[in-house]
file final.pdb (PDB, C-alpha atoms)
ATOM      1  CA  MET G  27     -20.466  16.957 -47.881
ATOM      2  CA  GLU G  28     -24.141  17.376 -47.181
ATOM      3  CA  SER G  29     -25.358  20.539 -45.497
ATOM      4  CA  GLY G  30     -25.590  20.257 -41.687
ATOM      5  CA  SER G  31     -23.266  17.264 -41.464
ATOM      6  CA  THR G  32     -20.588  17.319 -38.789
ATOM      7  CA  THR G  33     -17.263  15.608 -38.325
ATOM      8  CA  ASN G  34     -15.624  14.640 -35.066
ATOM      9  CA  ALA G  35     -12.037  15.684 -34.450
ATOM     10  CA  PRO G  36      -9.715  12.661 -34.496
ATOM     11  CA  GLU G  37      -8.562  11.521 -31.072
ATOM     12  CA  GLU G  38      -4.914  11.873 -30.167
ATOM     13  CA  PRO G  39      -2.884   8.758 -31.010
ATOM     14  CA  GLY G  40      -2.796   6.424 -28.054
ATOM     15  CA  GLU G  41      -5.675   8.166 -26.246
ATOM     16  CA  ASN G  42      -7.923   5.106 -26.478
ATOM     17  CA  ASP G  43      -5.060   2.902 -25.269
ATOM     18  CA  ARG G  44      -4.478   5.099 -22.195
ATOM     19  CA  ARG G  45      -8.182   5.121 -21.362
ATOM     20  CA  GLY G  46      -8.307   1.367 -21.798
ATOM     21  CA  ARG G  47      -5.397   0.829 -19.418
ATOM     22  CA  VAL G  48      -7.053   2.957 -16.755
ATOM     23  CA  ARG G  49     -10.322   1.016 -17.109
ATOM     24  CA  LEU G  50      -8.470  -2.295 -16.936
ATOM     25  CA  ARG G  51      -6.566  -1.140 -13.848
ATOM     26  CA  ARG G  52      -9.825  -0.250 -12.087
ATOM     27  CA  ALA G  53     -11.279  -3.617 -13.057
ATOM     28  CA  ALA G  54      -8.173  -5.414 -11.782
ATOM     29  CA  VAL G  55      -8.904  -4.279  -8.236
ATOM     30  CA  LEU G  56     -11.982  -6.513  -8.276
ATOM     31  CA  ALA G  57     -10.466  -9.234 -10.437
ATOM     32  CA  VAL G  58      -7.192 -10.141  -8.704
ATOM     33  CA  PRO G  59      -7.713 -13.422  -6.823
ATOM     34  CA  ALA G  60      -7.054 -13.668  -3.093
ATOM     35  CA  THR G  61      -4.196 -15.935  -2.029
ATOM     36  CA  LEU G  62      -2.841 -17.068   1.329
ATOM     37  CA  ALA G  63       0.422 -18.942   2.024
ATOM     38  CA  ALA G  64       1.644 -20.269   5.353
ATOM     39  CA  ALA G  65       4.894 -18.261   5.057
ATOM     40  CA  GLY G  66       3.408 -15.100   3.577
ATOM     41  CA  LEU G  67       0.550 -12.607   3.696
ATOM     42  CA  ALA G  68      -2.755 -12.723   1.862
ATOM     43  CA  VAL G  69      -3.241 -10.320  -1.030
ATOM     44  CA  LEU G  70      -6.874  -9.280  -0.954
ATOM     45  CA  THR G  71      -8.803  -7.052  -3.318
ATOM     46  CA  ALA G  72     -11.251  -4.217  -2.852
ATOM     47  CA  GLN G  73     -12.452  -1.130  -4.675
ATOM     48  CA  GLY G  74     -11.734   2.079  -2.792
ATOM     49  CA  ALA G  75     -11.778   0.388   0.605
ATOM     50  CA  LEU G  76      -9.469   2.710   2.479
ATOM     51  CA  GLY G  77      -6.829   4.112   0.217
ATOM     52  CA  VAL G  78      -4.610   7.031   1.026
ATOM     53  CA  GLN G  79      -6.376  10.336   1.583
ATOM     54  CA  PHE G  80      -3.658  12.301  -0.220
ATOM     55  CA  ALA G  81      -2.097  12.336  -3.686
ATOM     56  CA  ILE G  82       0.915  10.025  -3.710
ATOM     57  CA  SER G  83       4.208  11.087  -5.306
ATOM     58  CA  GLY G  84       4.365   7.931  -7.386
ATOM     59  CA  MET G  85       7.881   7.154  -6.079
ATOM     60  CA  PRO G  86       8.000   3.768  -4.300
ATOM     61  CA  PHE G  87       9.973   3.335  -1.090
ATOM     62  CA  THR G  88      11.273   0.266   0.717
ATOM     63  CA  VAL G  89      10.451  -0.603   4.335
ATOM     64  CA  THR G  90      12.053  -3.451   6.262
ATOM     65  CA  ALA G  91      11.901  -4.680   9.866
ATOM     66  CA  THR G  92      13.277  -7.769  11.552
ATOM     67  CA  ASP G  93       9.947  -8.192  13.359
ATOM     68  CA  LEU G  94       6.495  -6.644  13.286
ATOM     69  CA  ASP G  95       3.940  -7.419  15.983
ATOM     70  CA  GLY G  96       0.444  -6.039  15.753
ATOM     71  CA  THR G  97      -3.009  -6.223  17.281
ATOM     72  CA  GLY G  98      -6.092  -5.493  15.214
ATOM     73  CA  PHE G  99      -5.133  -6.421  11.630
ATOM     74  CA  GLU G 100      -7.033  -5.905   8.353
ATOM     75  CA  GLN G 101      -5.973  -6.252   4.715
ATOM     76  CA  PHE G 102      -7.516  -5.453   1.349
ATOM     77  CA  GLY G 103      -6.663  -3.839  -1.994
ATOM     78  CA  ALA G 104      -7.102  -0.264  -3.196
ATOM     79  CA  LEU G 105      -6.145   2.255  -5.861
ATOM     80  CA  ASP G 106      -3.791   5.107  -4.978
ATOM     81  CA  ASN G 107      -3.800   8.238  -7.115
ATOM     82  CA  MET G 108      -1.001  10.620  -8.045
ATOM     83  CA  ALA G 109      -1.397  14.364  -8.393
ATOM     84  CA  GLU G 110      -2.752  15.366 -11.792
ATOM     85  CA  GLY G 111       0.085  15.804 -14.258
ATOM     86  CA  SER G 112       2.624  13.956 -12.082
ATOM     87  CA  PRO G 113       5.846  13.242 -14.022
ATOM     88  CA  ASN G 114       5.912   9.817 -12.338
ATOM     89  CA  ALA G 115       2.609   8.711 -13.857
ATOM     90  CA  GLY G 116       4.154   7.234 -17.002
ATOM     91  CA  ASP G 117       1.561   5.051 -18.735
ATOM     92  CA  THR G 118      -0.269   4.185 -15.489
ATOM     93  CA  GLY G 119      -2.913   6.890 -15.789
ATOM     94  CA  GLY G 120      -1.654   8.201 -12.434
ATOM     95  CA  GLN G 121      -2.985   5.195 -10.518
ATOM     96  CA  VAL G 122      -1.239   2.409  -8.598
ATOM     97  CA  LEU G 123      -2.944  -0.838  -7.572
ATOM     98  CA  VAL G 124      -1.885  -1.532  -3.969
ATOM     99  CA  VAL G 125      -2.546  -3.831  -1.041
ATOM    100  CA  THR G 126      -3.590  -1.852   2.050
ATOM    101  CA  SER G 127      -2.682  -3.320   5.431
ATOM    102  CA  ALA G 128      -4.205  -1.681   8.519
ATOM    103  CA  ILE G 129      -2.970  -2.393  12.067
ATOM    104  CA  LYS G 130      -4.532  -0.840  15.154
ATOM    105  CA  ASN G 131      -1.359  -1.106  17.272
ATOM    106  CA  ALA G 132       2.024  -2.099  15.845
ATOM    107  CA  THR G 133       5.544  -2.626  17.186
ATOM    108  CA  LEU G 134       8.506  -2.868  14.796
ATOM    109  CA  THR G 135      12.093  -3.917  15.502
ATOM    110  CA  LYS G 136      14.987  -2.410  13.514
ATOM    111  CA  LEU G 137      12.895  -0.371  11.112
ATOM    112  CA  CYS G 138      14.553   0.791   7.898
ATOM    113  CA  GLN G 139      13.005   2.978   5.206
ATOM    114  CA  SER G 140      14.686   4.107   2.000
ATOM    115  CA  VAL G 141      13.706   5.879  -1.196
ATOM    116  CA  ASP G 142      15.849   5.963  -4.333
ATOM    117  CA  LEU G 143      16.307   9.575  -5.422
ATOM    118  CA  GLY G 144      18.276   8.641  -8.513
ATOM    119  CA  GLY G 145      21.735   7.398  -7.615
ATOM    120  CA  VAL G 146      21.436   8.238  -3.913
ATOM    121  CA  ASN G 147      19.058   6.922  -1.257
ATOM    122  CA  LEU G 148      17.345   8.851   1.504
ATOM    123  CA  LEU G 149      17.707   6.397   4.384
ATOM    124  CA  ILE G 150      15.811   6.394   7.690
ATOM    125  CA  THR G 151      16.466   3.915  10.517
ATOM    126  CA  ALA G 152      14.968   3.612  14.012
ATOM    127  CA  GLY G 153      14.335   1.101  16.768
ATOM    128  CA  ASP G 154      17.827  -0.425  16.738
ATOM    129  CA  GLY G 155      18.248  -0.243  20.519
ATOM    130  CA  LYS G 156      16.212  -1.412  23.471
ATOM    131  CA  GLU G 157      13.205   0.705  22.471
ATOM    132  CA  LYS G 158      11.198  -0.392  19.449
ATOM    133  CA  VAL G 159       9.251   1.636  16.916
ATOM    134  CA  THR G 160       5.563   1.884  17.812
ATOM    135  CA  ALA G 161       2.573   3.057  15.798
ATOM    136  CA  THR G 162      -1.173   3.359  16.240
ATOM    137  CA  ASP G 163      -3.719   3.246  13.418
ATOM    138  CA  LEU G 164      -0.951   2.276  11.003
ATOM    139  CA  THR G 165      -1.751   1.744   7.319
ATOM    140  CA  THR G 166       0.614   0.874   4.485
ATOM    141  CA  ASP G 167      -0.143   0.767   0.776
ATOM    142  CA  SER G 168       2.161  -1.796  -0.843
ATOM    143  CA  THR G 169       2.796  -3.334  -4.239
ATOM    144  CA  GLU G 170       5.013  -6.025  -2.741
ATOM    145  CA  LEU G 171       5.149  -7.524   0.743
ATOM    146  CA  THR G 172       7.198 -10.498   1.921
ATOM    147  CA  GLY G 173       7.953 -12.122   5.265
ATOM    148  CA  ASN G 174       7.026 -15.034   7.506
ATOM    149  CA  ALA G 175       3.609 -14.351   9.021
ATOM    150  CA  ASP G 176       1.554 -15.769  11.861
ATOM    151  CA  PHE G 177      -2.057 -14.690  12.423
ATOM    152  CA  GLY G 178      -4.146 -15.089  15.552
ATOM    153  CA  ASN G 179      -7.879 -15.782  15.158
ATOM    154  CA  ILE G 180      -7.868 -14.962  11.444
ATOM    155  CA  GLU G 181     -11.056 -14.482   9.404
ATOM    156  CA  ILE G 182     -10.781 -14.741   5.611
ATOM    157  CA  GLY G 183     -13.537 -13.750   3.230
ATOM    158  CA  ASN G 184     -15.263 -11.069   5.298
ATOM    159  CA  ASP G 185     -17.380  -8.407   3.659
ATOM    160  CA  ALA G 186     -15.143  -5.345   3.945
ATOM    161  CA  SER G 187     -17.993  -3.221   5.287
ATOM    162  CA  THR G 188     -18.121  -5.437   8.404
ATOM    163  CA  LEU G 189     -14.439  -5.266   9.422
ATOM    164  CA  THR G 190     -13.928  -4.528  13.116
ATOM    165  CA  LYS G 191     -10.320  -5.341  14.094
ATOM    166  CA  ALA G 192      -8.479  -2.159  13.036
ATOM    167  CA  GLY G 193     -11.314   0.358  13.076
ATOM    168  CA  VAL G 194     -11.491   0.590   9.274
ATOM    169  CA  LYS G 195     -14.489  -0.362   7.149
ATOM    170  CA  GLY G 196     -14.520  -0.886   3.399
ATOM    171  CA  PRO G 197     -17.388  -0.845   0.906
ATOM    172  CA  ILE G 198     -20.117  -3.443   1.047
ATOM    173  CA  GLY G 199     -19.652  -6.541  -1.098
ATOM    174  CA  VAL G 200     -15.850  -6.447  -1.051
ATOM    175  CA  PHE G 201     -13.632  -9.404  -0.084
ATOM    176  CA  SER G 202     -11.258  -8.838   2.876
ATOM    177  CA  GLN G 203      -9.511 -10.482   5.815
ATOM    178  CA  GLN G 204      -8.852  -9.584   9.447
ATOM    179  CA  ALA G 205      -7.179 -11.072  12.515
ATOM    180  CA  ASP G 206      -6.827 -10.336  16.213
ATOM    181  CA  THR G 207      -3.025 -10.454  16.040
ATOM    182  CA  VAL G 208      -0.260 -10.588  13.427
ATOM    183  CA  HIS G 209       3.446 -11.332  13.646
ATOM    184  CA  ILE G 210       5.723 -10.913  10.627
ATOM    185  CA  ALA G 211       9.398 -11.864  10.738
ATOM    186  CA  ASP G 212      11.816 -10.492   8.127
ATOM    187  CA  LEU G 213       9.277  -7.989   6.851
ATOM    188  CA  ARG G 214      10.020  -6.302   3.526
ATOM    189  CA  GLN G 215       7.615  -3.993   1.700
ATOM    190  CA  THR G 216       7.583  -1.880  -1.416
ATOM    191  CA  ASN G 217       5.258   0.950  -0.405
ATOM    192  CA  TYR G 218       3.688   3.995  -1.996
ATOM    193  CA  ALA G 219       2.201   5.465   1.178
ATOM    194  CA  THR G 220       2.120   5.093   4.953
ATOM    195  CA  THR G 221      -0.188   6.764   7.447
ATOM    196  CA  ALA G 222      -0.401   6.526  11.240
ATOM    197  CA  GLY G 223      -2.258   8.197  14.074
ATOM    198  CA  VAL G 224       0.950   8.209  16.159
ATOM    199  CA  PHE G 225       4.379   7.047  14.929
ATOM    200  CA  ARG G 226       7.133   6.866  17.557
ATOM    201  CA  LEU G 227      10.691   6.393  16.216
ATOM    202  CA  PRO G 228      13.294   5.990  18.996
ATOM    203  CA  GLY G 229      16.898   6.357  17.826
ATOM    204  CA  LEU G 230      15.821   7.999  14.569
ATOM    205  CA  LYS G 231      18.613   8.518  12.014
ATOM    206  CA  LEU G 232      18.061  10.237   8.651
ATOM    207  CA  ARG G 233      20.857  10.386   6.105
ATOM    208  CA  PHE G 234      21.846   9.927   2.472
ATOM    209  CA  SER G 235      23.406   6.628   1.482
ATOM    210  CA  GLY G 236      24.654   4.808  -1.564
ATOM    211  CA  GLN G 237      22.597   1.783  -0.513
ATOM    212  CA  GLY G 238      18.951   1.369   0.463
ATOM    213  CA  CYS G 239      17.339  -0.999   2.949
TER     214      CYS G 239
END
call {"tool": "encode", "arguments": {"input": "final.pdb", "output": "C-alpha cells"}}
result
Amino acid sequence: MESGSTTNAPEEPGENDRRGRVRLRRAAVLAVPATLAAAGLAVLTAQGALGVQFAISGMPFTVTATDLDGTGFEQFGALDNMAEGSPNAGDTGGQVLVVTSAIKNATLTKLCQSVDLGGVNLLITAGDGKEKVTATDLTTDSTELTGNADFGNIEIGNDASTLTKAGVKGPIGVFSQQADTVHIADLRQTNYATTAGVFRLPGLKLRFSGQGC
C-alpha cells in the first residue's frame, strides 16, 4: 500500500438497501397516481403537505362508521414518521406513506375504533344512540380507506398551497382535491394517526375484546 493512501470501512450489509428503500418511499409520495371512483375516495399525493405533528407508534388501528358527514373537505398524501429506533419500524425506515384527509366539521354515526395489541383488541365505540360523534378540524392519516362517497362542489387537481375548504394548506406544486361537503356511507379506514381540534364522543365505551371493528 502506498504511503498516505486510505481505505473506507465497509458498509454494514443491507445498509445500501435500507437507504434505497427510504429514498424510494419518499419518491413514491410524488409518484403515486391520483384516482377517483364513483363509489370510493380519491387517493391523492403530496410531499409533506400536512402530516402528523408527532411521532407515530407504527401500530395501525381500524376506524369504522356507518355514516360520516362533513363540511370543508381536503385530501392529499403525506409521510408519517415513527420515533427513532421504534421496534415497529421493520424495514420501512420508520416511515409510512399515508393519505391525509382533513375535514373542518365532521359528524360520525356508530363510530368504532380498534387496535390489535397481539391477541386482544383495545376497542372504543361511541355515537350508538341519538347523539352522534362530532369533531372539528379532524385529520386522519390512512393507508386504506373504503366506503361509498358523495362530494359536493368538488375540485380535483388543485395546487395544495391554495386549498381553502378545511383550513389546511400544503406545499406549492402539489396535487390535491377539496370539496364543500362529503358524505361517506360504510366508512372503513386503516389509520396510523388521528388529530382533531375538538372530538366529542357521546356514549363512549372503552374495553378489551377478542374482536376488532
call {"tool": "resolve_selection", "arguments": {"input": "final.pdb", "expression": "the PyMOL selection byres ((chain G and resi 126-143) around 8)", "output": "PDB file with C-alpha atoms, in the frame of the given file"}}
result
ATOM      1  CA  LEU G  76      -9.469   2.710   2.479  1.00  0.00           C
ATOM      2  CA  GLY G  77      -6.829   4.112   0.217  1.00  0.00           C
ATOM      3  CA  MET G  85       7.881   7.154  -6.079  1.00  0.00           C
ATOM      4  CA  PRO G  86       8.000   3.768  -4.300  1.00  0.00           C
ATOM      5  CA  PHE G  87       9.973   3.335  -1.090  1.00  0.00           C
ATOM      6  CA  THR G  88      11.273   0.266   0.717  1.00  0.00           C
ATOM      7  CA  VAL G  89      10.451  -0.603   4.335  1.00  0.00           C
ATOM      8  CA  THR G  90      12.053  -3.451   6.262  1.00  0.00           C
ATOM      9  CA  ALA G  91      11.901  -4.680   9.866  1.00  0.00           C
ATOM     10  CA  THR G  92      13.277  -7.769  11.552  1.00  0.00           C
ATOM     11  CA  ASP G  93       9.947  -8.192  13.359  1.00  0.00           C
ATOM     12  CA  LEU G  94       6.495  -6.644  13.286  1.00  0.00           C
ATOM     13  CA  ASP G  95       3.940  -7.419  15.983  1.00  0.00           C
ATOM     14  CA  GLY G  96       0.444  -6.039  15.753  1.00  0.00           C
ATOM     15  CA  THR G  97      -3.009  -6.223  17.281  1.00  0.00           C
ATOM     16  CA  GLY G  98      -6.092  -5.493  15.214  1.00  0.00           C
ATOM     17  CA  PHE G  99      -5.133  -6.421  11.630  1.00  0.00           C
ATOM     18  CA  GLU G 100      -7.033  -5.905   8.353  1.00  0.00           C
ATOM     19  CA  GLN G 101      -5.973  -6.252   4.715  1.00  0.00           C
ATOM     20  CA  PHE G 102      -7.516  -5.453   1.349  1.00  0.00           C
ATOM     21  CA  GLY G 103      -6.663  -3.839  -1.994  1.00  0.00           C
ATOM     22  CA  ALA G 104      -7.102  -0.264  -3.196  1.00  0.00           C
ATOM     23  CA  VAL G 124      -1.885  -1.532  -3.969  1.00  0.00           C
ATOM     24  CA  VAL G 125      -2.546  -3.831  -1.041  1.00  0.00           C
ATOM     25  CA  GLY G 144      18.276   8.641  -8.513  1.00  0.00           C
ATOM     26  CA  GLY G 145      21.735   7.398  -7.615  1.00  0.00           C
ATOM     27  CA  VAL G 146      21.436   8.238  -3.913  1.00  0.00           C
ATOM     28  CA  ASN G 147      19.058   6.922  -1.257  1.00  0.00           C
ATOM     29  CA  LEU G 148      17.345   8.851   1.504  1.00  0.00           C
ATOM     30  CA  LEU G 149      17.707   6.397   4.384  1.00  0.00           C
ATOM     31  CA  ILE G 150      15.811   6.394   7.690  1.00  0.00           C
ATOM     32  CA  THR G 151      16.466   3.915  10.517  1.00  0.00           C
ATOM     33  CA  ALA G 152      14.968   3.612  14.012  1.00  0.00           C
ATOM     34  CA  GLY G 153      14.335   1.101  16.768  1.00  0.00           C
ATOM     35  CA  ASP G 154      17.827  -0.425  16.738  1.00  0.00           C
ATOM     36  CA  LYS G 158      11.198  -0.392  19.449  1.00  0.00           C
ATOM     37  CA  VAL G 159       9.251   1.636  16.916  1.00  0.00           C
ATOM     38  CA  THR G 160       5.563   1.884  17.812  1.00  0.00           C
ATOM     39  CA  ALA G 161       2.573   3.057  15.798  1.00  0.00           C
ATOM     40  CA  THR G 162      -1.173   3.359  16.240  1.00  0.00           C
ATOM     41  CA  ASP G 163      -3.719   3.246  13.418  1.00  0.00           C
ATOM     42  CA  LEU G 164      -0.951   2.276  11.003  1.00  0.00           C
ATOM     43  CA  THR G 165      -1.751   1.744   7.319  1.00  0.00           C
ATOM     44  CA  THR G 166       0.614   0.874   4.485  1.00  0.00           C
ATOM     45  CA  ASP G 167      -0.143   0.767   0.776  1.00  0.00           C
ATOM     46  CA  SER G 168       2.161  -1.796  -0.843  1.00  0.00           C
ATOM     47  CA  LYS G 191     -10.320  -5.341  14.094  1.00  0.00           C
ATOM     48  CA  ALA G 192      -8.479  -2.159  13.036  1.00  0.00           C
ATOM     49  CA  GLY G 193     -11.314   0.358  13.076  1.00  0.00           C
ATOM     50  CA  VAL G 194     -11.491   0.590   9.274  1.00  0.00           C
ATOM     51  CA  GLY G 238      18.951   1.369   0.463  1.00  0.00           C
ATOM     52  CA  CYS G 239      17.339  -0.999   2.949  1.00  0.00           C
TER      53      CYS G 239
END
call {"tool": "residues_around", "arguments": {"input": "final.pdb", "residues": "Ile180 in chain G", "least_positions_apart": "6", "cutoff": "10 Å", "atoms": "only C-alpha atoms", "output": "ChimeraX atom specification"}}
result
/G:99-100,203-208
call {"tool": "resolve_selection", "arguments": {"input": "final.pdb", "expression": "the PyMOL selection byres ((chain G and resi 109) around 12)", "output": "count of residues only"}}
result
20
call {"tool": "atom_distance", "arguments": {"input": "final.pdb", "atom1": "CA of Lys231 in chain G", "atom2": "CA of Ala175 in chain G"}}
result
27.5 Å
call {"tool": "closest_residue", "arguments": {"input": "final.pdb", "among": "G:Asp176, G:Glu170, G:Asp117, G:Asp185", "to": "His209 in chain G", "atoms": "all atoms listed in the file"}}
result
G:Asp176
call {"tool": "atom_distance", "arguments": {"input": "final.pdb", "atom1": "CA of Leu213 in chain G", "atom2": "CA of Gly116 in chain G"}}
result
28.8 Å
call {"tool": "atom_distance", "arguments": {"input": "final.pdb", "atom1": "CA of Thr169 in chain G", "atom2": "CA of Asn217 in chain G"}}
result
6.3 Å
call {"tool": "resolve_selection", "arguments": {"input": "final.pdb", "expression": "the PyMOL selection byres ((chain G and resi 171) around 6)", "output": "NGL selection string"}}
result
:G and (170 or 172 or 214-215)
call {"tool": "closest_residue", "arguments": {"input": "final.pdb", "among": "G:Leu227, G:Asp212, G:Gly199, G:Tyr218", "to": "Gly173 in chain G", "atoms": "all atoms listed in the file"}}
result
G:Asp212
call {"tool": "closest_residue", "arguments": {"input": "final.pdb", "among": "G:Ile210, G:Leu123, G:Leu105, G:Ala222", "to": "Phe177 in chain G", "atoms": "only C-alpha atoms"}}
result
G:Ile210
call {"tool": "residues_around", "arguments": {"input": "final.pdb", "residues": "Lys195 in chain G", "least_positions_apart": "6", "cutoff": "6 Å", "atoms": "only C-alpha atoms", "output": "list in words"}}
result
Ala186, Ser187 and Leu189 of chain G
call {"tool": "write_last_selection", "arguments": {"input": "final.pdb", "atoms": "C-alpha atoms", "output": "PDB file, in the coordinates of the input"}}
result
ATOM      1  CA  ALA G 186     -15.143  -5.345   3.945  1.00  0.00           C
ATOM      2  CA  SER G 187     -17.993  -3.221   5.287  1.00  0.00           C
ATOM      3  CA  LEU G 189     -14.439  -5.266   9.422  1.00  0.00           C
TER       4      LEU G 189
END
